[in-house]
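For reference, upload_33.pdb (PDB, C-alpha atoms):
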ATOM      1  CA  MET A   1      50.070 -25.027  17.407
ATOM      2  CA  HIS A   2      49.574 -28.705  16.618
ATOM      3  CA  PHE A   3      47.545 -31.123  18.741
ATOM      4  CA  ASP A   4      47.475 -34.914  18.348
ATOM      5  CA  ILE A   5      44.666 -36.551  20.322
ATOM      6  CA  PHE A   6      44.660 -40.320  20.888
ATOM      7  CA  THR A   7      41.268 -41.734  21.816
ATOM      8  CA  LEU A   8      38.859 -44.635  21.482
ATOM      9  CA  LEU A   9      36.017 -42.222  20.656
ATOM     10  CA  PRO A  10      37.205 -39.940  17.845
ATOM     11  CA  ASP A  11      33.695 -38.966  16.773
ATOM     12  CA  VAL A  12      32.997 -37.006  19.954
ATOM     13  CA  PHE A  13      35.579 -34.341  19.070
ATOM     14  CA  ARG A  14      34.423 -33.040  15.697
ATOM     15  CA  PRO A  15      31.171 -31.306  16.707
ATOM     16  CA  TYR A  16      33.013 -29.068  19.149
ATOM     17  CA  LEU A  17      36.185 -28.616  17.112
ATOM     18  CA  ASN A  18      34.096 -27.648  14.072
ATOM     19  CA  SER A  19      32.253 -24.872  15.884
ATOM     20  CA  SER A  20      32.845 -21.209  16.619
ATOM     21  CA  ILE A  21      36.313 -20.006  17.620
ATOM     22  CA  LEU A  22      38.091 -23.355  17.326
ATOM     23  CA  LYS A  23      36.719 -23.856  13.822
ATOM     24  CA  ARG A  24      38.004 -20.446  12.718
ATOM     25  CA  ALA A  25      41.329 -21.055  14.450
ATOM     26  CA  GLN A  26      41.819 -24.186  12.358
ATOM     27  CA  GLU A  27      40.643 -22.559   9.145
ATOM     28  CA  ASN A  28      43.056 -19.677   9.684
ATOM     29  CA  GLY A  29      45.971 -21.984  10.440
ATOM     30  CA  HIS A  30      46.428 -20.944  14.065
ATOM     31  CA  ILE A  31      45.882 -24.481  15.372
ATOM     32  CA  ASP A  32      45.875 -27.930  13.829
ATOM     33  CA  VAL A  33      44.041 -30.758  15.605
ATOM     34  CA  ASN A  34      44.446 -34.357  14.498
ATOM     35  CA  VAL A  35      42.307 -36.962  16.245
ATOM     36  CA  HIS A  36      43.632 -40.533  16.102
ATOM     37  CA  ASN A  37      41.583 -43.657  16.787
ATOM     38  CA  ILE A  38      43.683 -45.976  18.973
ATOM     39  CA  ARG A  39      41.762 -48.936  17.563
ATOM     40  CA  ASP A  40      43.528 -48.376  14.240
ATOM     41  CA  TRP A  41      46.688 -49.741  15.854
ATOM     42  CA  THR A  42      45.197 -53.059  17.005
ATOM     43  CA  HIS A  43      46.015 -56.319  15.207
ATOM     44  CA  ASP A  44      42.925 -58.470  15.736
ATOM     45  CA  LYS A  45      39.692 -58.496  13.803
ATOM     46  CA  HIS A  46      37.671 -57.154  16.748
ATOM     47  CA  HIS A  47      40.062 -54.237  17.427
ATOM     48  CA  VAL A  48      40.314 -55.058  21.115
ATOM     49  CA  THR A  49      41.952 -52.341  23.209
ATOM     50  CA  ASP A  50      41.170 -53.535  26.740
ATOM     51  CA  ASP A  51      41.546 -56.615  28.914
ATOM     52  CA  ASN A  52      40.879 -57.872  32.437
ATOM     53  CA  PRO A  53      43.121 -56.454  35.171
ATOM     54  CA  TYR A  54      45.770 -58.664  36.730
ATOM     55  CA  GLY A  55      44.862 -59.428  40.324
ATOM     56  CA  GLY A  56      41.148 -59.173  39.639
ATOM     57  CA  GLY A  57      38.799 -56.317  40.386
ATOM     58  CA  GLY A  58      36.061 -54.479  38.559
ATOM     59  CA  GLY A  59      36.412 -52.774  35.218
ATOM     60  CA  MET A  60      38.665 -53.276  32.231
ATOM     61  CA  VAL A  61      42.128 -51.847  31.588
ATOM     62  CA  MET A  62      43.400 -50.348  28.334
ATOM     63  CA  LYS A  63      46.138 -52.491  26.795
ATOM     64  CA  PRO A  64      49.590 -50.966  26.310
ATOM     65  CA  GLU A  65      50.339 -52.229  22.785
ATOM     66  CA  PRO A  66      47.899 -50.134  20.721
ATOM     67  CA  VAL A  67      48.537 -46.986  22.752
ATOM     68  CA  PHE A  68      52.320 -47.261  22.426
ATOM     69  CA  GLU A  69      52.107 -48.072  18.722
ATOM     70  CA  ALA A  70      49.687 -45.232  17.997
ATOM     71  CA  VAL A  71      51.749 -42.580  19.767
ATOM     72  CA  GLU A  72      55.094 -43.824  18.469
ATOM     73  CA  ASP A  73      53.817 -44.132  14.912
ATOM     74  CA  VAL A  74      52.427 -40.583  14.876
ATOM     75  CA  ILE A  75      54.860 -38.740  17.146
ATOM     76  CA  GLY A  76      58.043 -40.781  16.668
ATOM     77  CA  ILE A  77      60.592 -42.517  18.879
ATOM     78  CA  PRO A  78      61.593 -40.880  21.110
ATOM     79  CA  PRO A  79      58.584 -38.544  21.092
ATOM     80  CA  ALA A  80      59.486 -35.030  20.018
ATOM     81  CA  CYS A  81      56.774 -33.328  22.088
ATOM     82  CA  PRO A  82      55.080 -33.698  25.485
ATOM     83  CA  ILE A  83      52.817 -36.759  25.764
ATOM     84  CA  ILE A  84      50.043 -35.751  28.158
ATOM     85  CA  LEU A  85      47.706 -38.201  29.838
ATOM     86  CA  MET A  86      44.364 -36.686  30.835
ATOM     87  CA  THR A  87      43.749 -38.199  34.266
ATOM     88  CA  PRO A  88      42.279 -37.170  37.655
ATOM     89  CA  GLN A  89      45.629 -38.214  39.132
ATOM     90  CA  GLY A  90      47.524 -35.531  37.206
ATOM     91  CA  ARG A  91      48.636 -32.072  38.216
ATOM     92  CA  PRO A  92      45.779 -29.559  38.350
ATOM     93  CA  PHE A  93      45.127 -27.666  35.139
ATOM     94  CA  THR A  94      45.338 -23.931  35.822
ATOM     95  CA  GLN A  95      45.857 -20.822  33.738
ATOM     96  CA  ASP A  96      49.552 -20.928  34.630
ATOM     97  CA  VAL A  97      49.762 -24.494  33.317
ATOM     98  CA  ALA A  98      47.927 -23.407  30.168
ATOM     99  CA  ASN A  99      50.480 -20.633  29.637
ATOM    100  CA  GLU A 100      53.270 -23.149  30.123
ATOM    101  CA  LEU A 101      51.871 -25.692  27.682
ATOM    102  CA  ALA A 102      51.085 -23.022  25.091
ATOM    103  CA  GLN A 103      54.843 -22.533  24.620
ATOM    104  CA  HIS A 104      55.106 -25.902  22.898
ATOM    105  CA  PRO A 105      54.495 -26.025  19.134
ATOM    106  CA  ARG A 106      53.058 -29.540  19.441
ATOM    107  CA  LEU A 107      51.284 -31.570  22.133
ATOM    108  CA  ALA A 108      50.004 -35.147  22.215
ATOM    109  CA  LEU A 109      46.983 -35.891  24.406
ATOM    110  CA  VAL A 110      46.123 -39.438  25.483
ATOM    111  CA  CYS A 111      42.532 -40.093  26.561
ATOM    112  CA  GLY A 112      41.956 -42.997  28.909
ATOM    113  CA  ARG A 113      38.785 -45.074  29.145
ATOM    114  CA  TYR A 114      37.393 -47.949  31.185
ATOM    115  CA  GLU A 115      38.969 -48.457  34.626
ATOM    116  CA  GLY A 116      42.215 -46.905  33.409
ATOM    117  CA  LEU A 117      45.342 -47.590  31.409
ATOM    118  CA  ASP A 118      48.055 -50.190  31.865
ATOM    119  CA  GLU A 119      50.572 -48.583  34.214
ATOM    120  CA  ARG A 120      53.378 -49.083  31.695
ATOM    121  CA  ILE A 121      51.759 -46.420  29.520
ATOM    122  CA  ARG A 122      51.984 -43.976  32.404
ATOM    123  CA  THR A 123      55.551 -44.840  33.384
ATOM    124  CA  HIS A 124      57.226 -45.432  30.016
ATOM    125  CA  LEU A 125      55.307 -43.388  27.426
ATOM    126  CA  VAL A 126      53.546 -40.441  29.045
ATOM    127  CA  THR A 127      55.665 -37.411  29.962
ATOM    128  CA  ASP A 128      53.032 -35.361  31.794
ATOM    129  CA  GLU A 129      49.668 -35.900  33.469
ATOM    130  CA  ILE A 130      46.934 -33.272  33.681
ATOM    131  CA  SER A 131      43.737 -33.203  35.754
ATOM    132  CA  ILE A 132      40.914 -30.739  35.126
ATOM    133  CA  GLY A 133      39.513 -31.198  38.641
ATOM    134  CA  ASP A 134      39.049 -33.433  41.635
ATOM    135  CA  TYR A 135      36.340 -35.600  40.127
ATOM    136  CA  VAL A 136      36.137 -38.573  37.788
ATOM    137  CA  LEU A 137      34.707 -38.658  34.263
ATOM    138  CA  THR A 138      34.070 -41.662  32.030
ATOM    139  CA  GLY A 139      37.046 -40.795  29.831
ATOM    140  CA  GLY A 140      39.677 -38.258  28.923
ATOM    141  CA  GLU A 141      37.907 -36.837  25.880
ATOM    142  CA  LEU A 142      36.192 -33.901  27.578
ATOM    143  CA  PRO A 143      39.359 -32.939  29.491
ATOM    144  CA  ALA A 144      41.313 -33.052  26.217
ATOM    145  CA  LEU A 145      38.821 -30.687  24.578
ATOM    146  CA  ILE A 146      39.059 -28.356  27.556
ATOM    147  CA  LEU A 147      42.838 -28.279  27.268
ATOM    148  CA  VAL A 148      42.716 -27.568  23.513
ATOM    149  CA  ASP A 149      40.168 -24.802  24.022
ATOM    150  CA  ALA A 150      42.117 -23.141  26.835
ATOM    151  CA  LEU A 151      45.414 -23.234  24.946
ATOM    152  CA  ALA A 152      43.928 -22.088  21.648
ATOM    153  CA  ARG A 153      42.739 -18.862  23.288
ATOM    154  CA  LEU A 154      46.348 -18.008  24.134
ATOM    155  CA  ILE A 155      47.561 -18.196  20.535
ATOM    156  CA  PRO A 156      47.797 -14.776  18.855
ATOM    157  CA  GLY A 157      45.090 -14.270  16.264
ATOM    158  CA  VAL A 158      42.643 -16.855  17.605
ATOM    159  CA  LEU A 159      40.479 -14.362  19.477
ATOM    160  CA  GLY A 160      38.993 -11.333  17.750
ATOM    161  CA  ASP A 161      40.259  -9.067  20.538
ATOM    162  CA  GLU A 162      44.039  -9.351  20.781
ATOM    163  CA  ASN A 163      43.810  -8.519  24.498
ATOM    164  CA  GLY A 164      40.834 -10.801  25.115
ATOM    165  CA  ALA A 165      42.747 -13.667  26.711
ATOM    166  CA  ALA A 166      44.707 -11.305  28.956
ATOM    167  CA  ASN A 167      41.453  -9.963  30.401
ATOM    168  CA  ASP A 168      39.888 -13.348  31.136
ATOM    169  CA  SER A 169      39.323 -14.627  34.652
ATOM    170  CA  HIS A 170      42.557 -16.048  36.118
ATOM    171  CA  ALA A 171      44.710 -14.633  33.315
ATOM    172  CA  SER A 172      45.577 -11.574  35.407
ATOM    173  CA  GLY A 173      45.351 -13.384  38.723
ATOM    174  CA  LEU A 174      41.846 -12.010  39.334
ATOM    175  CA  LEU A 175      38.334 -13.043  38.443
ATOM    176  CA  GLU A 176      36.841 -11.012  35.634
ATOM    177  CA  GLY A 177      34.327  -8.347  36.584
ATOM    178  CA  PRO A 178      30.752  -8.000  35.278
ATOM    179  CA  HIS A 179      29.804  -7.218  31.667
ATOM    180  CA  TYR A 180      26.769  -5.397  30.284
ATOM    181  CA  THR A 181      25.279  -4.764  26.864
ATOM    182  CA  ARG A 182      22.131  -3.178  25.419
ATOM    183  CA  PRO A 183      19.456  -2.341  26.444
ATOM    184  CA  PRO A 184      20.623   0.196  29.044
ATOM    185  CA  GLU A 185      17.592  -0.675  31.209
ATOM    186  CA  PHE A 186      15.993  -4.117  31.515
ATOM    187  CA  ARG A 187      13.127  -4.846  33.926
ATOM    188  CA  GLY A 188      14.221  -1.918  36.037
ATOM    189  CA  TRP A 189      17.856  -3.019  36.209
ATOM    190  CA  GLU A 190      20.140  -0.380  34.755
ATOM    191  CA  VAL A 191      23.627  -0.587  33.316
ATOM    192  CA  PRO A 192      26.049   1.272  35.643
ATOM    193  CA  ALA A 193      26.282   4.904  34.617
ATOM    194  CA  VAL A 194      30.078   4.831  34.460
ATOM    195  CA  LEU A 195      29.956   2.344  31.562
ATOM    196  CA  ARG A 196      27.769   4.757  29.593
ATOM    197  CA  SER A 197      29.854   7.817  30.452
ATOM    198  CA  GLY A 198      32.384   7.533  27.619
ATOM    199  CA  ASP A 199      35.180   8.237  30.112
ATOM    200  CA  HIS A 200      37.662   5.452  29.358
ATOM    201  CA  GLY A 201      39.776   6.234  32.414
ATOM    202  CA  LYS A 202      36.853   5.871  34.778
ATOM    203  CA  VAL A 203      35.628   2.769  32.947
ATOM    204  CA  GLY A 204      39.045   1.145  33.323
ATOM    205  CA  GLN A 205      39.173   1.998  37.017
ATOM    206  CA  TRP A 206      35.634   0.654  37.565
ATOM    207  CA  ARG A 207      36.459  -2.608  35.809
ATOM    208  CA  ARG A 208      39.619  -3.073  37.862
ATOM    209  CA  GLU A 209      37.739  -2.414  41.089
ATOM    210  CA  GLN A 210      34.950  -4.778  40.107
ATOM    211  CA  ALA A 211      37.474  -7.509  39.336
ATOM    212  CA  LEU A 212      39.098  -6.964  42.728
ATOM    213  CA  LEU A 213      35.723  -6.984  44.458
ATOM    214  CA  ARG A 214      34.503 -10.129  42.723
ATOM    215  CA  THR A 215      37.743 -11.921  43.538
ATOM    216  CA  LEU A 216      37.485 -10.821  47.171
ATOM    217  CA  GLU A 217      33.919 -12.107  47.389
ATOM    218  CA  ARG A 218      34.365 -15.416  45.571
ATOM    219  CA  ARG A 219      38.047 -16.408  45.609
ATOM    220  CA  PRO A 220      39.810 -14.299  48.263
ATOM    221  CA  GLU A 221      42.773 -16.692  48.389
ATOM    222  CA  MET A 222      43.726 -15.561  44.876
ATOM    223  CA  LEU A 223      44.517 -12.072  46.163
ATOM    224  CA  GLU A 224      47.420 -13.409  48.205
ATOM    225  CA  LYS A 225      49.162 -14.585  45.026
ATOM    226  CA  THR A 226      48.288 -11.660  42.742
ATOM    227  CA  GLU A 227      50.453  -8.641  42.073
ATOM    228  CA  LEU A 228      48.482  -5.715  43.491
ATOM    229  CA  SER A 229      49.201  -2.011  43.236
ATOM    230  CA  LYS A 230      49.047   0.338  46.185
ATOM    231  CA  LYS A 231      45.754   1.636  44.800
ATOM    232  CA  ASP A 232      44.397  -1.931  44.585
ATOM    233  CA  ARG A 233      45.317  -2.594  48.213
ATOM    234  CA  GLU A 234      43.718   0.621  49.411
ATOM    235  CA  PHE A 235      40.496  -0.252  47.586
ATOM    236  CA  LEU A 236      40.449  -3.781  48.990
ATOM    237  CA  LYS A 237      41.071  -2.610  52.539
ATOM    238  CA  LYS A 238      38.026  -0.347  52.244
ATOM    239  CA  GLN A 239      36.059  -3.475  51.313
ATOM    240  CA  GLY A 240      37.203  -5.258  54.462
ATOM    241  CA  TRP A 241      40.132  -7.233  53.031
ATOM    242  CA  GLN A 242      42.788  -8.180  55.512
ATOM    243  CA  GLN A 243      45.995  -9.314  53.867
ATOM    244  CA  LYS A 244      47.548 -12.393  55.382
ATOM    245  CA  VAL A 245      50.992 -11.853  56.836
ATOM    246  CA  VAL A 246      53.312 -14.695  55.895
ATOM    247  CA  SER A 247      55.936 -15.307  58.574
ATOM    248  CA  GLU A 248      59.395 -16.368  57.448
TER     249      GLU A 248
END
When written as C-alpha coordinates, how does the structure in this file appear?
Amino acid sequence: MHFDIFTLLPDVFRPYLNSSILKRAQENGHIDVNVHNIRDWTHDKHHVTDDNPYGGGGGMVMKPEPVFEAVEDVIGIPPACPIILMTPQGRPFTQDVANELAQHPRLALVCGRYEGLDERIRTHLVTDEISIGDYVLTGGELPALILVDALARLIPGVLGDENGAANDSHASGLLEGPHYTRPPEFRGWEVPAVLRSGDHGKVGQWRREQALLRTLERRPEMLEKTELSKKDREFLKKQGWQQKVVSE
(Lines of atoms letter the chains of each structure in order from A and count residues from 1; the text may use other names and numbers.)
(Lines give C-alpha, C1' and ligand atoms only; values in the text may rest on other atoms or scores of the structure.)
Protein backbone atom coordinates (compact mmCIF):
# COMPACT_ATOMS: atom_id res chain seq x y z
CA MET A 1 0.00 0.00 0.00
CA HIS A 2 1.31 3.43 -0.95
CA PHE A 3 0.87 6.58 1.15
CA ASP A 4 1.62 10.14 0.01
CA ILE A 5 1.65 12.63 2.88
CA PHE A 6 1.57 16.37 2.18
CA THR A 7 2.75 18.51 5.07
CA LEU A 8 4.62 21.63 6.13
CA LEU A 9 6.59 19.61 8.71
CA PRO A 10 8.07 16.58 6.93
CA ASP A 11 10.75 16.00 9.56
CA VAL A 12 8.26 14.96 12.23
CA PHE A 13 7.34 11.76 10.36
CA ARG A 14 10.65 9.95 9.98
CA PRO A 15 11.37 9.06 13.63
CA TYR A 16 8.10 7.16 13.91
CA LEU A 17 8.06 5.73 10.39
CA ASN A 18 11.63 4.46 10.87
CA SER A 19 10.81 2.52 14.02
CA SER A 20 9.50 -0.92 14.86
CA ILE A 21 6.68 -2.44 12.81
CA LEU A 22 6.32 0.41 10.31
CA LYS A 23 10.04 0.33 9.57
CA ARG A 24 9.92 -3.41 8.86
CA ALA A 25 6.75 -3.00 6.81
CA GLN A 26 8.57 -0.55 4.54
CA GLU A 27 11.72 -2.64 4.34
CA ASN A 28 9.68 -5.69 3.38
CA GLY A 29 7.72 -3.80 0.73
CA HIS A 30 4.33 -4.06 2.43
CA ILE A 31 3.89 -0.28 2.60
CA ASP A 32 5.55 2.68 0.93
CA VAL A 33 5.33 6.11 2.58
CA ASN A 34 6.42 9.24 0.75
CA VAL A 35 6.37 12.50 2.70
CA HIS A 36 6.15 15.67 0.59
CA ASN A 37 7.00 19.16 1.80
CA ILE A 38 4.28 21.53 0.54
CA ARG A 39 6.80 24.37 0.65
CA ASP A 40 8.57 22.78 -2.31
CA TRP A 41 5.67 23.92 -4.48
CA THR A 42 5.85 27.62 -3.55
CA HIS A 43 7.25 30.20 -5.98
CA ASP A 44 8.69 32.91 -3.73
CA LYS A 45 12.04 33.04 -2.02
CA HIS A 46 10.52 32.76 1.46
CA HIS A 47 8.37 29.72 0.59
CA VAL A 48 5.23 31.30 2.00
CA THR A 49 2.32 28.89 2.40
CA ASP A 50 -0.10 30.97 4.49
CA ASP A 51 -1.80 34.35 4.44
CA ASN A 52 -4.27 36.47 6.41
CA PRO A 53 -7.91 35.35 6.29
CA TYR A 54 -10.41 37.37 4.29
CA GLY A 55 -12.85 39.07 6.63
CA GLY A 56 -10.31 39.30 9.43
CA GLY A 57 -9.97 37.13 12.49
CA GLY A 58 -7.17 35.42 14.33
CA GLY A 59 -4.73 32.96 12.83
CA MET A 60 -3.39 32.39 9.35
CA VAL A 61 -4.85 30.28 6.55
CA MET A 62 -2.96 27.89 4.27
CA LYS A 63 -2.92 29.14 0.68
CA PRO A 64 -4.52 26.98 -2.01
CA GLU A 65 -1.84 27.26 -4.72
CA PRO A 66 0.98 25.20 -3.17
CA VAL A 67 -1.38 22.53 -1.86
CA PHE A 68 -3.11 22.08 -5.23
CA GLU A 69 0.19 22.06 -7.10
CA ALA A 70 1.80 19.58 -4.71
CA VAL A 71 -1.06 17.09 -4.84
CA GLU A 72 -1.64 17.42 -8.58
CA ASP A 73 2.06 17.12 -9.37
CA VAL A 74 2.47 13.95 -7.30
CA ILE A 75 -0.93 12.28 -7.70
CA GLY A 76 -2.03 13.59 -11.11
CA ILE A 77 -5.06 15.33 -12.58
CA PRO A 78 -7.64 14.09 -11.87
CA PRO A 79 -6.25 12.36 -8.77
CA ALA A 80 -6.20 8.59 -9.13
CA CYS A 81 -6.66 7.89 -5.41
CA PRO A 82 -8.56 9.30 -2.42
CA ILE A 83 -7.26 12.68 -1.21
CA ILE A 84 -7.88 12.73 2.54
CA LEU A 85 -7.79 15.86 4.66
CA MET A 86 -6.99 15.19 8.32
CA THR A 87 -9.37 17.53 10.13
CA PRO A 88 -11.53 17.56 13.30
CA GLN A 89 -14.46 18.33 10.99
CA GLY A 90 -14.14 15.00 9.17
CA ARG A 91 -15.94 11.72 9.66
CA PRO A 92 -14.78 9.82 12.75
CA PHE A 93 -11.93 7.39 12.20
CA THR A 94 -13.01 3.93 13.35
CA GLN A 95 -11.86 0.38 12.70
CA ASP A 96 -14.58 0.06 10.06
CA VAL A 97 -13.22 3.15 8.30
CA ALA A 98 -9.71 1.70 8.54
CA ASN A 99 -10.92 -1.51 6.89
CA GLU A 100 -12.56 0.54 4.16
CA LEU A 101 -9.51 2.66 3.44
CA ALA A 102 -7.19 -0.35 3.50
CA GLN A 103 -8.86 -1.56 0.29
CA HIS A 104 -7.21 1.23 -1.67
CA PRO A 105 -3.72 0.60 -3.07
CA ARG A 106 -2.84 4.28 -2.65
CA LEU A 107 -3.93 7.14 -0.38
CA ALA A 108 -2.95 10.81 -0.22
CA LEU A 109 -3.09 12.53 3.17
CA VAL A 110 -3.16 16.32 3.48
CA CYS A 111 -2.07 17.80 6.81
CA GLY A 112 -3.43 21.22 7.69
CA ARG A 113 -1.71 23.80 9.88
CA TYR A 114 -2.38 27.26 11.29
CA GLU A 115 -6.05 28.26 11.56
CA GLY A 116 -6.93 25.94 8.68
CA LEU A 117 -6.86 25.62 4.92
CA ASP A 118 -8.43 27.75 2.22
CA GLU A 119 -11.91 26.32 1.73
CA ARG A 120 -11.26 25.75 -1.98
CA ILE A 121 -8.84 22.98 -1.02
CA ARG A 122 -11.63 21.25 0.87
CA THR A 123 -14.27 21.70 -1.82
CA HIS A 124 -12.29 21.22 -5.03
CA LEU A 125 -9.30 19.00 -4.19
CA VAL A 126 -10.02 16.83 -1.16
CA THR A 127 -12.24 13.78 -1.65
CA ASP A 128 -12.57 12.67 1.97
CA GLU A 129 -12.12 14.14 5.44
CA ILE A 130 -11.10 12.13 8.50
CA SER A 131 -11.13 13.07 12.19
CA ILE A 132 -9.35 11.05 14.87
CA GLY A 133 -11.49 12.52 17.65
CA ASP A 134 -13.52 15.42 18.93
CA TYR A 135 -10.58 17.62 19.85
CA VAL A 136 -8.21 19.97 18.08
CA LEU A 137 -4.48 19.50 17.49
CA THR A 138 -1.95 21.98 16.11
CA GLY A 139 -1.80 20.15 12.79
CA GLY A 140 -2.71 17.06 10.83
CA GLU A 141 0.64 15.31 11.16
CA LEU A 142 -0.17 13.17 14.19
CA PRO A 143 -3.56 12.14 12.78
CA ALA A 144 -1.86 11.18 9.50
CA LEU A 145 0.61 8.96 11.37
CA ILE A 146 -2.26 7.36 13.27
CA LEU A 147 -4.05 6.58 10.02
CA VAL A 148 -0.91 5.07 8.45
CA ASP A 149 -0.26 2.96 11.53
CA ALA A 150 -3.83 1.68 11.76
CA LEU A 151 -4.01 0.78 8.07
CA ALA A 152 -0.56 -0.82 7.96
CA ARG A 153 -1.64 -3.34 10.61
CA LEU A 154 -4.37 -4.58 8.27
CA ILE A 155 -1.98 -5.42 5.43
CA PRO A 156 -1.06 -9.12 5.30
CA GLY A 157 2.51 -9.73 6.38
CA VAL A 158 2.97 -6.53 8.39
CA LEU A 159 2.30 -8.14 11.77
CA GLY A 160 4.23 -11.18 12.94
CA ASP A 161 0.98 -12.94 13.87
CA GLU A 162 -1.22 -13.25 10.79
CA ASN A 163 -4.29 -13.16 13.05
CA GLY A 164 -2.98 -10.33 15.21
CA ALA A 165 -5.05 -7.55 13.67
CA ALA A 166 -8.22 -9.63 13.79
CA ASN A 167 -7.83 -10.04 17.55
CA ASP A 168 -7.25 -6.36 18.31
CA SER A 169 -9.76 -4.24 20.19
CA HIS A 170 -12.58 -3.10 17.87
CA ALA A 171 -11.53 -5.45 15.07
CA SER A 172 -14.07 -8.06 16.20
CA GLY A 173 -16.53 -5.53 17.55
CA LEU A 174 -15.31 -6.12 21.12
CA LEU A 175 -12.57 -4.74 23.31
CA GLU A 176 -9.63 -7.07 23.68
CA GLY A 177 -9.35 -8.98 26.94
CA PRO A 178 -6.38 -9.01 29.34
CA HIS A 179 -2.93 -10.42 28.53
CA TYR A 180 -0.33 -11.96 30.84
CA THR A 181 3.27 -13.09 30.54
CA ARG A 182 6.00 -14.41 32.84
CA PRO A 183 6.49 -14.53 35.78
CA PRO A 184 3.42 -16.57 36.78
CA GLU A 185 3.33 -14.73 40.13
CA PHE A 186 4.28 -11.09 40.70
CA ARG A 187 3.87 -9.35 44.07
CA GLY A 188 1.22 -11.87 44.99
CA TRP A 189 -0.76 -11.39 41.78
CA GLU A 190 -1.04 -14.64 39.86
CA VAL A 191 -1.68 -15.36 36.21
CA PRO A 192 -5.12 -17.02 35.85
CA ALA A 193 -4.77 -20.78 36.10
CA VAL A 194 -6.66 -21.39 32.87
CA LEU A 195 -3.91 -19.64 30.87
CA ARG A 196 -1.34 -22.03 32.34
CA SER A 197 -3.49 -25.12 31.85
CA GLY A 198 -2.44 -25.92 28.28
CA ASP A 199 -6.11 -26.50 27.39
CA HIS A 200 -6.52 -24.42 24.22
CA GLY A 201 -10.29 -24.84 24.20
CA LYS A 202 -10.67 -23.46 27.70
CA VAL A 203 -8.15 -20.69 26.98
CA GLY A 204 -10.13 -19.63 23.92
CA GLN A 205 -13.39 -19.63 25.87
CA TRP A 206 -11.81 -17.62 28.71
CA ARG A 207 -10.44 -15.02 26.30
CA ARG A 208 -13.81 -14.65 24.58
CA GLU A 209 -15.57 -14.23 27.91
CA GLN A 210 -13.01 -11.71 29.11
CA ALA A 211 -13.43 -9.70 25.92
CA LEU A 212 -17.20 -9.72 26.41
CA LEU A 213 -16.84 -8.74 30.05
CA ARG A 214 -14.41 -5.91 29.37
CA THR A 215 -16.64 -4.56 26.62
CA LEU A 216 -19.66 -4.74 28.93
CA GLU A 217 -17.80 -2.86 31.65
CA ARG A 218 -16.17 -0.17 29.51
CA ARG A 219 -18.08 0.16 26.22
CA PRO A 220 -21.46 -1.56 26.63
CA GLU A 221 -22.91 0.27 23.62
CA MET A 222 -20.59 -1.78 21.38
CA LEU A 223 -22.46 -4.96 22.29
CA GLU A 224 -25.59 -3.71 20.55
CA LYS A 225 -23.73 -3.60 17.22
CA THR A 226 -21.66 -6.77 17.58
CA GLU A 227 -22.57 -10.19 16.25
CA LEU A 228 -23.00 -12.34 19.35
CA SER A 229 -23.56 -16.07 19.61
CA LYS A 230 -26.19 -17.63 21.82
CA LYS A 231 -23.40 -18.63 24.20
CA ASP A 232 -22.12 -15.03 24.27
CA ARG A 233 -25.58 -13.73 25.14
CA GLU A 234 -26.06 -16.27 27.90
CA PHE A 235 -22.72 -15.30 29.43
CA LEU A 236 -23.50 -11.59 29.24
CA LYS A 237 -26.93 -12.01 30.79
CA LYS A 238 -25.29 -13.73 33.76
CA GLN A 239 -23.13 -10.61 34.10
CA GLY A 240 -26.20 -8.38 34.25
CA TRP A 241 -26.36 -7.31 30.60
CA GLN A 242 -29.77 -6.28 29.38
CA GLN A 243 -29.99 -6.11 25.61
CA LYS A 244 -31.77 -3.08 24.27
CA VAL A 245 -34.89 -3.85 22.29
CA VAL A 246 -35.05 -1.73 19.15
CA SER A 247 -38.64 -0.98 18.15
CA GLU A 248 -39.44 -0.80 14.45
Written as a VMD selection string, which residues does the PyMOL selection byres ((chain A and resi 210-221) around 10) give for the file shown? chain A and resid 169 to 170 172 to 178 204 to 209 222 to 226 228 232 to 233 235 to 236 239 to 244
The selected residues should be written to file as a short mmCIF file (atom, residue, chain, number, x, y, z; two decimals), in the frame of the given file (atoms: C-alpha atoms).
data_model
loop_
_atom_site.label_atom_id
_atom_site.label_comp_id
_atom_site.auth_asym_id
_atom_site.auth_seq_id
_atom_site.Cartn_x
_atom_site.Cartn_y
_atom_site.Cartn_z
CA SER A 169 39.32 -14.63 34.65
CA HIS A 170 42.56 -16.05 36.12
CA SER A 172 45.58 -11.57 35.41
CA GLY A 173 45.35 -13.38 38.72
CA LEU A 174 41.85 -12.01 39.33
CA LEU A 175 38.33 -13.04 38.44
CA GLU A 176 36.84 -11.01 35.63
CA GLY A 177 34.33 -8.35 36.58
CA PRO A 178 30.75 -8.00 35.28
CA GLY A 204 39.04 1.14 33.32
CA GLN A 205 39.17 2.00 37.02
CA TRP A 206 35.63 0.65 37.56
CA ARG A 207 36.46 -2.61 35.81
CA ARG A 208 39.62 -3.07 37.86
CA GLU A 209 37.74 -2.41 41.09
CA MET A 222 43.73 -15.56 44.88
CA LEU A 223 44.52 -12.07 46.16
CA GLU A 224 47.42 -13.41 48.20
CA LYS A 225 49.16 -14.58 45.03
CA THR A 226 48.29 -11.66 42.74
CA LEU A 228 48.48 -5.72 43.49
CA ASP A 232 44.40 -1.93 44.58
CA ARG A 233 45.32 -2.59 48.21
CA PHE A 235 40.50 -0.25 47.59
CA LEU A 236 40.45 -3.78 48.99
CA GLN A 239 36.06 -3.48 51.31
CA GLY A 240 37.20 -5.26 54.46
CA TRP A 241 40.13 -7.23 53.03
CA GLN A 242 42.79 -8.18 55.51
CA GLN A 243 46.00 -9.31 53.87
CA LYS A 244 47.55 -12.39 55.38
#
Taking (49.6, -35.1, 16.3) as a centre in this file's frame and 7 Å as the limit, can you find every polymer residue with an atom that close, using all atoms listed in the file, and give them as a ChimeraX atom specification? /A:2-5,34,74-75,108
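In terms of minimum interatomic distance to Val136 (chain A), A:Arg113 ranks closest within A:Arg113, A:Arg153, A:Lys230, A:His124, counting all atoms listed in the file.
Taking CA of Thr181 (chain A) and CA of Val158 (chain A) as endpoints, the distance between them is 23.1 Å.
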Please enumerate the residues selected by the PyMOL selection byres ((chain A and resi 155) around 10) when evaluated against the supplied file, formatted as a PyMOL selection string. chain A and resi 1+25+30-31+99+102-103+150-154+156-159+162+165
Any idea what the distance is between CA of Glu65 (chain A) and CA of Pro105 (chain A)?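 Between CA of Glu65 (chain A) and CA of Pro105 (chain A) the gap is 26.8 Å.
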Could you expand the PyMOL selection byres ((chain A and resi 71) around 12) into the explicit residues it covers here, written as a ChimeraX atom specification? /A:4-7,35-38,40-41,64-70,72-85,107-111,121,124-126
As an exercise, work out the distance from CA of Glu115 (chain A) to CA of Met62 (chain A) in Å and give it to one decimal place. 7.9 Å
Could you name the residues that touch Ile132 (chain A) at 9 Å or less, counting all atoms listed in the file, but leaving out those on the same chain fewer than 4 positions away, as a ChimeraX atom specification? /A:86-88,90-94,143,146-147
For Arg24 (chain A), the nearest of the candidates A:Gly160, A:Glu227, A:Arg120, A:Leu145, counting only C-alpha atoms: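 Comparing A:Gly160, A:Glu227, A:Arg120, A:Leu145 against Arg24 (chain A), the winner is A:Gly160.
Compared by their closest atoms to Leu8 (chain A), and using only C-alpha atoms, the residues A:Leu22, A:Leu137, A:Val48, A:Val33 rank with A:Val48 nearest.
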Residue with smallest distance to Val194 (chain A) - pool A:Tyr180, A:Thr138, A:Gly58, A:Glu234, counting all atoms listed in the file: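 Going through A:Tyr180, A:Thr138, A:Gly58, A:Glu234 one by one, the smallest distance to Val194 (chain A) is for A:Tyr180.
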